[in-house]
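S.K.: So that you have it, the file is work.txt, and it contains compact mmCIF, C-alpha atoms:
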# COMPACT_ATOMS: atom_id res chain seq x y z
CA MET X 1 29.30 -0.24 37.29
CA ARG X 2 30.58 -0.70 33.76
CA MET X 3 28.52 -3.90 33.39
CA LYS X 4 25.42 -2.02 34.54
CA SER X 5 26.02 0.70 31.94
CA LEU X 6 26.45 -1.88 29.20
CA ALA X 7 23.23 -3.55 30.25
CA ILE X 8 21.38 -0.23 30.03
CA VAL X 9 22.78 0.44 26.56
CA ALA X 10 21.79 -3.04 25.41
CA ALA X 11 18.29 -2.61 26.80
CA LEU X 12 17.88 0.73 25.04
CA ALA X 13 19.05 -0.77 21.76
CA LEU X 14 16.59 -3.62 22.11
CA SER X 15 13.69 -1.29 22.91
CA THR X 16 14.56 0.84 19.88
CA ALA X 17 14.42 -2.19 17.59
CA VAL X 18 11.14 -3.37 19.06
CA ALA X 19 9.65 0.13 18.70
CA GLY X 20 10.29 -0.11 14.97
CA CYS X 21 12.88 2.64 14.61
CA SER X 22 15.69 1.03 12.69
CA THR X 23 17.41 -2.26 12.11
CA ILE X 24 20.48 -3.27 10.19
CA GLY X 25 19.84 -2.58 6.51
CA SER X 26 16.34 -1.18 7.01
CA GLN X 27 14.16 1.39 8.72
CA ILE X 28 10.78 0.24 10.00
CA PHE X 29 7.78 2.56 10.29
CA THR X 30 5.72 0.53 12.73
CA ASN X 31 4.80 3.65 14.70
CA ASN X 32 3.22 5.39 11.68
CA TYR X 33 -0.15 3.62 11.74
CA GLY X 34 -1.93 5.67 14.37
CA ALA X 35 -5.25 7.46 14.00
CA VAL X 36 -5.06 10.48 11.71
CA THR X 37 -7.38 13.21 10.52
CA ASP X 38 -7.07 13.76 6.79
CA ALA X 39 -9.21 16.17 4.74
CA GLY X 40 -11.85 16.05 7.46
CA TYR X 41 -11.95 12.25 7.61
CA HIS X 42 -10.85 10.50 10.78
CA LEU X 43 -8.87 7.40 9.86
CA PRO X 44 -8.77 4.92 12.73
CA ARG X 45 -5.57 3.41 14.02
CA VAL X 46 -4.44 0.26 12.27
CA PRO X 47 -3.85 -2.50 14.87
CA ILE X 48 -0.39 -2.92 13.42
CA GLU X 49 0.57 -5.50 16.03
CA LYS X 50 -1.80 -7.85 14.18
CA VAL X 51 -0.13 -7.23 10.81
CA PRO X 52 2.86 -9.49 10.04
CA PHE X 53 6.11 -7.62 10.50
CA LYS X 54 7.16 -8.06 6.87
CA TYR X 55 4.10 -6.18 5.62
CA ARG X 56 4.80 -3.05 7.64
CA ARG X 57 6.21 -0.07 5.76
CA GLN X 58 10.01 -0.17 5.76
CA ILE X 59 13.11 0.87 3.85
CA VAL X 60 14.95 -2.17 2.51
CA ASP X 61 17.94 -2.96 0.37
CA TYR X 62 16.74 -3.37 -3.21
CA ASP X 63 18.94 -3.86 -6.26
CA THR X 64 17.35 -2.69 -9.51
CA LYS X 65 18.26 -0.82 -12.67
CA GLU X 66 14.93 1.05 -12.58
CA LYS X 67 15.21 4.75 -11.79
CA PRO X 68 14.05 6.31 -8.51
CA GLY X 69 10.31 6.90 -8.43
CA THR X 70 9.53 3.63 -10.20
CA ILE X 71 7.01 1.35 -8.50
CA ILE X 72 7.56 -2.41 -8.68
CA VAL X 73 4.74 -4.67 -7.51
CA ASP X 74 5.70 -8.21 -6.47
CA THR X 75 2.33 -9.96 -6.55
CA GLN X 76 3.70 -13.34 -5.43
CA ASN X 77 5.26 -12.03 -2.22
CA LYS X 78 2.64 -9.28 -1.69
CA PHE X 79 5.10 -6.39 -1.66
CA LEU X 80 5.14 -3.02 -3.41
CA TYR X 81 8.54 -1.36 -3.80
CA LEU X 82 9.06 2.34 -4.44
CA VAL X 83 12.59 2.66 -5.83
CA MET X 84 14.56 5.28 -3.89
CA GLY X 85 17.98 4.89 -5.44
CA ASP X 86 21.34 4.04 -3.86
CA GLY X 87 20.26 0.41 -3.64
CA GLU X 88 17.23 1.08 -1.45
CA ALA X 89 13.46 1.05 -1.77
CA MET X 90 10.46 1.80 0.41
CA ARG X 91 8.55 -1.46 0.78
CA TYR X 92 4.84 -1.72 1.55
CA GLY X 93 2.67 -4.76 2.22
CA ILE X 94 -0.17 -5.15 -0.28
CA GLY X 95 -3.25 -7.15 -1.15
CA VAL X 96 -3.54 -8.39 -4.75
CA GLY X 97 -5.99 -9.91 -7.20
CA ARG X 98 -7.59 -13.19 -6.30
CA GLU X 99 -7.48 -16.23 -8.56
CA GLY X 100 -8.76 -15.32 -12.01
CA PHE X 101 -8.03 -11.62 -11.52
CA GLU X 102 -4.23 -11.65 -11.50
CA TRP X 103 -2.33 -9.60 -14.06
CA HIS X 104 1.23 -8.61 -14.91
CA GLY X 105 2.69 -5.89 -17.06
CA THR X 106 3.90 -2.31 -17.22
CA ALA X 107 1.80 0.79 -16.77
CA HIS X 108 2.10 4.37 -15.57
CA ILE X 109 0.24 6.52 -13.11
CA ALA X 110 -2.00 8.84 -15.14
CA LEU X 111 -4.16 10.27 -12.36
CA LYS X 112 -3.99 10.71 -8.60
CA ARG X 113 -7.01 11.33 -6.39
CA GLU X 114 -7.44 12.04 -2.69
CA TRP X 115 -10.54 10.45 -1.13
CA PRO X 116 -11.77 9.23 -4.52
CA THR X 117 -15.23 8.21 -5.61
CA TRP X 118 -15.53 4.49 -6.34
CA THR X 119 -17.52 3.31 -9.34
CA PRO X 120 -17.77 -0.47 -9.72
CA PRO X 121 -17.26 -1.61 -13.34
CA SER X 122 -20.22 -3.14 -15.15
CA GLN X 123 -18.63 -6.61 -15.02
CA MET X 124 -18.45 -6.38 -11.23
CA ILE X 125 -22.08 -5.30 -11.00
CA LYS X 126 -23.06 -8.33 -13.08
CA ARG X 127 -21.24 -10.58 -10.61
CA GLN X 128 -22.56 -8.69 -7.60
CA PRO X 129 -25.95 -7.12 -8.44
CA GLU X 130 -26.15 -5.56 -4.97
CA LEU X 131 -23.52 -3.06 -6.16
CA ALA X 132 -25.88 -1.61 -8.78
CA LYS X 133 -26.78 1.18 -6.35
CA PHE X 134 -23.22 2.47 -6.75
CA ALA X 135 -23.30 2.51 -10.58
CA GLY X 136 -23.19 6.30 -10.43
CA GLY X 137 -20.33 6.25 -7.95
CA MET X 138 -19.92 5.70 -4.23
CA ASP X 139 -19.13 8.81 -2.23
CA PRO X 140 -15.71 9.11 -0.58
CA GLY X 141 -15.46 8.00 3.01
CA LEU X 142 -14.13 5.50 5.49
CA LYS X 143 -16.12 2.63 3.94
CA ASN X 144 -15.22 3.44 0.34
CA PRO X 145 -13.24 0.51 -1.17
CA LEU X 146 -10.63 2.89 -2.65
CA GLY X 147 -9.81 4.30 0.76
CA ALA X 148 -7.97 7.54 1.32
CA ARG X 149 -6.09 7.71 -1.98
CA ALA X 150 -6.11 6.16 -5.44
CA MET X 151 -3.64 6.22 -8.30
CA TYR X 152 -5.01 5.19 -11.69
CA LEU X 153 -3.00 2.91 -13.98
CA PHE X 154 -2.94 3.49 -17.72
CA ASN X 155 -1.01 1.88 -20.57
CA LYS X 156 -0.91 2.55 -24.30
CA GLY X 157 -4.51 1.39 -24.57
CA GLY X 158 -5.70 3.88 -21.94
CA ASP X 159 -7.26 3.22 -18.57
CA MET X 160 -6.53 -0.34 -17.51
CA GLY X 161 -9.23 -0.27 -14.85
CA TYR X 162 -6.64 -1.06 -12.18
CA ARG X 163 -5.72 1.16 -9.25
CA LEU X 164 -3.17 1.45 -6.49
CA HIS X 165 -5.42 2.39 -3.61
CA GLY X 166 -6.03 2.44 0.09
CA SER X 167 -8.30 0.07 1.92
CA PRO X 168 -10.07 0.08 5.27
CA GLU X 169 -9.55 -3.72 5.30
CA TRP X 170 -6.09 -3.77 6.86
CA ASN X 171 -6.44 -7.53 7.45
CA SER X 172 -6.53 -8.15 3.68
CA ILE X 173 -2.87 -7.13 3.33
CA GLY X 174 -0.75 -10.11 2.36
CA LYS X 175 -3.71 -11.86 0.73
CA ALA X 176 -5.11 -12.34 -2.76
CA MET X 177 -8.71 -11.16 -2.63
CA SER X 178 -9.17 -8.09 -4.84
CA SER X 179 -10.52 -7.81 -8.38
CA GLY X 180 -7.07 -7.01 -9.70
CA CYS X 181 -6.33 -3.71 -8.00
CA ILE X 182 -3.38 -3.35 -5.64
CA ARG X 183 -4.48 -2.32 -2.16
CA LEU X 184 -2.50 -0.89 0.73
CA MET X 185 -3.36 0.10 4.26
CA ASN X 186 -4.75 3.65 4.24
CA GLN X 187 -1.79 5.07 6.16
CA ASP X 188 0.53 3.45 3.60
CA ILE X 189 -1.30 4.70 0.51
CA ILE X 190 -1.15 8.24 1.90
CA ASP X 191 2.62 7.85 2.31
CA LEU X 192 3.07 6.33 -1.16
CA TYR X 193 0.81 8.97 -2.75
CA ASP X 194 2.94 11.77 -1.34
CA ARG X 195 6.12 10.17 -2.65
CA THR X 196 4.83 9.38 -6.14
CA SER X 197 4.41 11.59 -9.21
CA VAL X 198 1.96 11.42 -12.10
CA GLY X 199 3.73 9.64 -14.94
CA ALA X 200 5.61 7.26 -12.65
CA LYS X 201 6.33 3.85 -14.14
CA VAL X 202 4.62 0.87 -12.53
CA ILE X 203 5.86 -2.67 -13.12
CA VAL X 204 3.69 -5.55 -11.93
CA ILE X 205 5.49 -8.90 -11.78
Please go through the file and, once you have read it, give me the structure as structure tokens.

M.R.:
Amino acid sequence: MRMKSLAIVAALALSTAVAGCSTIGSQIFTNNYGAVTDAGYHLPRVPIEKVPFKYRRQIVDYDTKEKPGTIIVDTQNKFLYLVMGDGEAMRYGIGVGREGFEWHGTAHIALKREWPTWTPPSQMIKRQPELAKFAGGMDPGLKNPLGARAMYLFNKGGDMGYRLHGSPEWNSIGKAMSSGCIRLMNQDIIDLYDRTSVGAKVIVI
């Protein structure tokens, strides 16, 4: 009887880990990628089972001297860390700039927008003339490249032209294919947006 009880406990523990509840040293949010209605928009479910485990939102051990609220972007490993303090950070999988569009440095979040308008820069329109129709801005929506949220990065020189933003292209997470912006799954950018304040420091390494 005791062996049967132990087997049940072990099975429950295993199912909890698989469900993405918690593991040693981290908490996984695998179950937080379902369909959601936000500001009248109906975001579809992310097929999270197709996203590598490491790119799913999770709390991890993270040793840094940066204060809580700081965002650290690891472009090589395709992770974004939101420093939480006490040696922990919320980690998100990201997509980064493709070859020729990489950048590194320090910035701060100057603006935050929900369901933003996307305006392609003139240099992008020159490379992709078909985007000229959006020169005045592309309306918010499920197909908008900035997704459900955008946070605008500025430095001492002003607007850098780079954003932390959502993306409907969940399969681009973990890849280098943007024009320099840092993209997250829409469900992740909503979570990050709610945890982040205007003025927050952003370090891109």

S.K.: Determine, counting only C-alpha atoms, which protein, DNA and RNA residues have an atom within 10 Å of an atom of stretch 31-44 of chain X; residues of the same chain fewer than 5 positions away are not included. Present the result as number ranges by chain.

M.R.: X: 19-21, 56-57, 114-115, 140-142, 147-148, 168, 185-188, 190-191

S.K.: What separation in Å, quoted to one decimal, exists between atom CA of X:Ser197 and atom CA of X:Lys112?

M.R.: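 Pair atom CA of X:Ser197 / atom CA of X:Lys112 returns 8.5 Å.
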
S.K.: Neighbourhood query: residues within 10 Å of (6.1, -8.9, -2.3), file coordinates, counting all atoms listed in the file; return as JSON, numbers by chain.

M.R.: {"X": [54, 55, 72, 73, 74, 75, 76, 77, 78, 79, 80, 81, 91, 92, 93, 94, 95, 96, 174, 205]}

S.K.: I'd like the contact shell of X:Cys181 - 7 Å cut-off, all atoms listed in the file, skipping same-chain residues fewer than 3 positions apart - returned as a list of chain:residue names.

M.R.: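 Neighbouring residues, sequence-local ones excluded: X:Val96, X:Gly97, X:Tyr162, X:Arg163, X:Leu164, X:Ser178.
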
S.K.: Just the selected residues (C-alpha atoms), exported as a JSON list (two decimals), keeping the file's coordinate frame, please.

M.R.:
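In the end it all went to out12.json:
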[["chain", "number", "residue", "atom", "x", "y", "z"],
["X", 96, "VAL", "CA", -3.54, -8.39, -4.75],
["X", 97, "GLY", "CA", -5.99, -9.91, -7.20],
["X", 162, "TYR", "CA", -6.64, -1.06, -12.18],
["X", 163, "ARG", "CA", -5.72, 1.16, -9.25],
["X", 164, "LEU", "CA", -3.17, 1.45, -6.49],
["X", 178, "SER", "CA", -9.17, -8.09, -4.84]]

S.K.: In terms of the shortest atom-to-atom distance over only C-alpha atoms, which of X:Gly85, X:Gly105, X:Gly69, X:Pro116 is closest to X:Thr196?

M.R.: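 The closest residue to X:Thr196 is X:Gly69.
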
S.K.: At what distance in Å, to one decimal, does atom CA of X:Glu102 lie from atom CA of X:Val46?

M.R.: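 Those two atoms sit 26.6 Å apart.
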
S.K.: What is the atom CA of X:Ile48-atom CA of X:Trp170 distance in Å, reported with one decimal?

M.R.: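 One can read the atom CA of X:Ile48 to atom CA of X:Trp170 distance as 8.7 Å.
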
S.K.: Ranking X:Leu184, X:Val198, X:Leu192, X:Leu153 by minimum distance to X:Val83 and counting all atoms listed in the file, which one comes first?

M.R.: X:Leu192

S.K.: So which residues touch X:Gly157 within 12 Å, counting all atoms listed in the file, skipping near sequence neighbours fewer than 5 positions away, as a PDB file with C-alpha atoms, in the coordinates of the input?

M.R.:
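Result went into out.pdb, see below:
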ATOM      1  CA  THR X 106       3.900  -2.310 -17.220  1.00  0.00           C
ATOM      2  CA  ALA X 107       1.800   0.790 -16.770  1.00  0.00           C
ATOM      3  CA  HIS X 108       2.100   4.370 -15.570  1.00  0.00           C
TER       4      HIS X 108
END

S.K.: Which of these, X:Ile71, X:Val204, X:Gln27, X:Leu82, has the shortest distance to X:Gln58 once you count all atoms listed in the file?

M.R.: X:Gln27
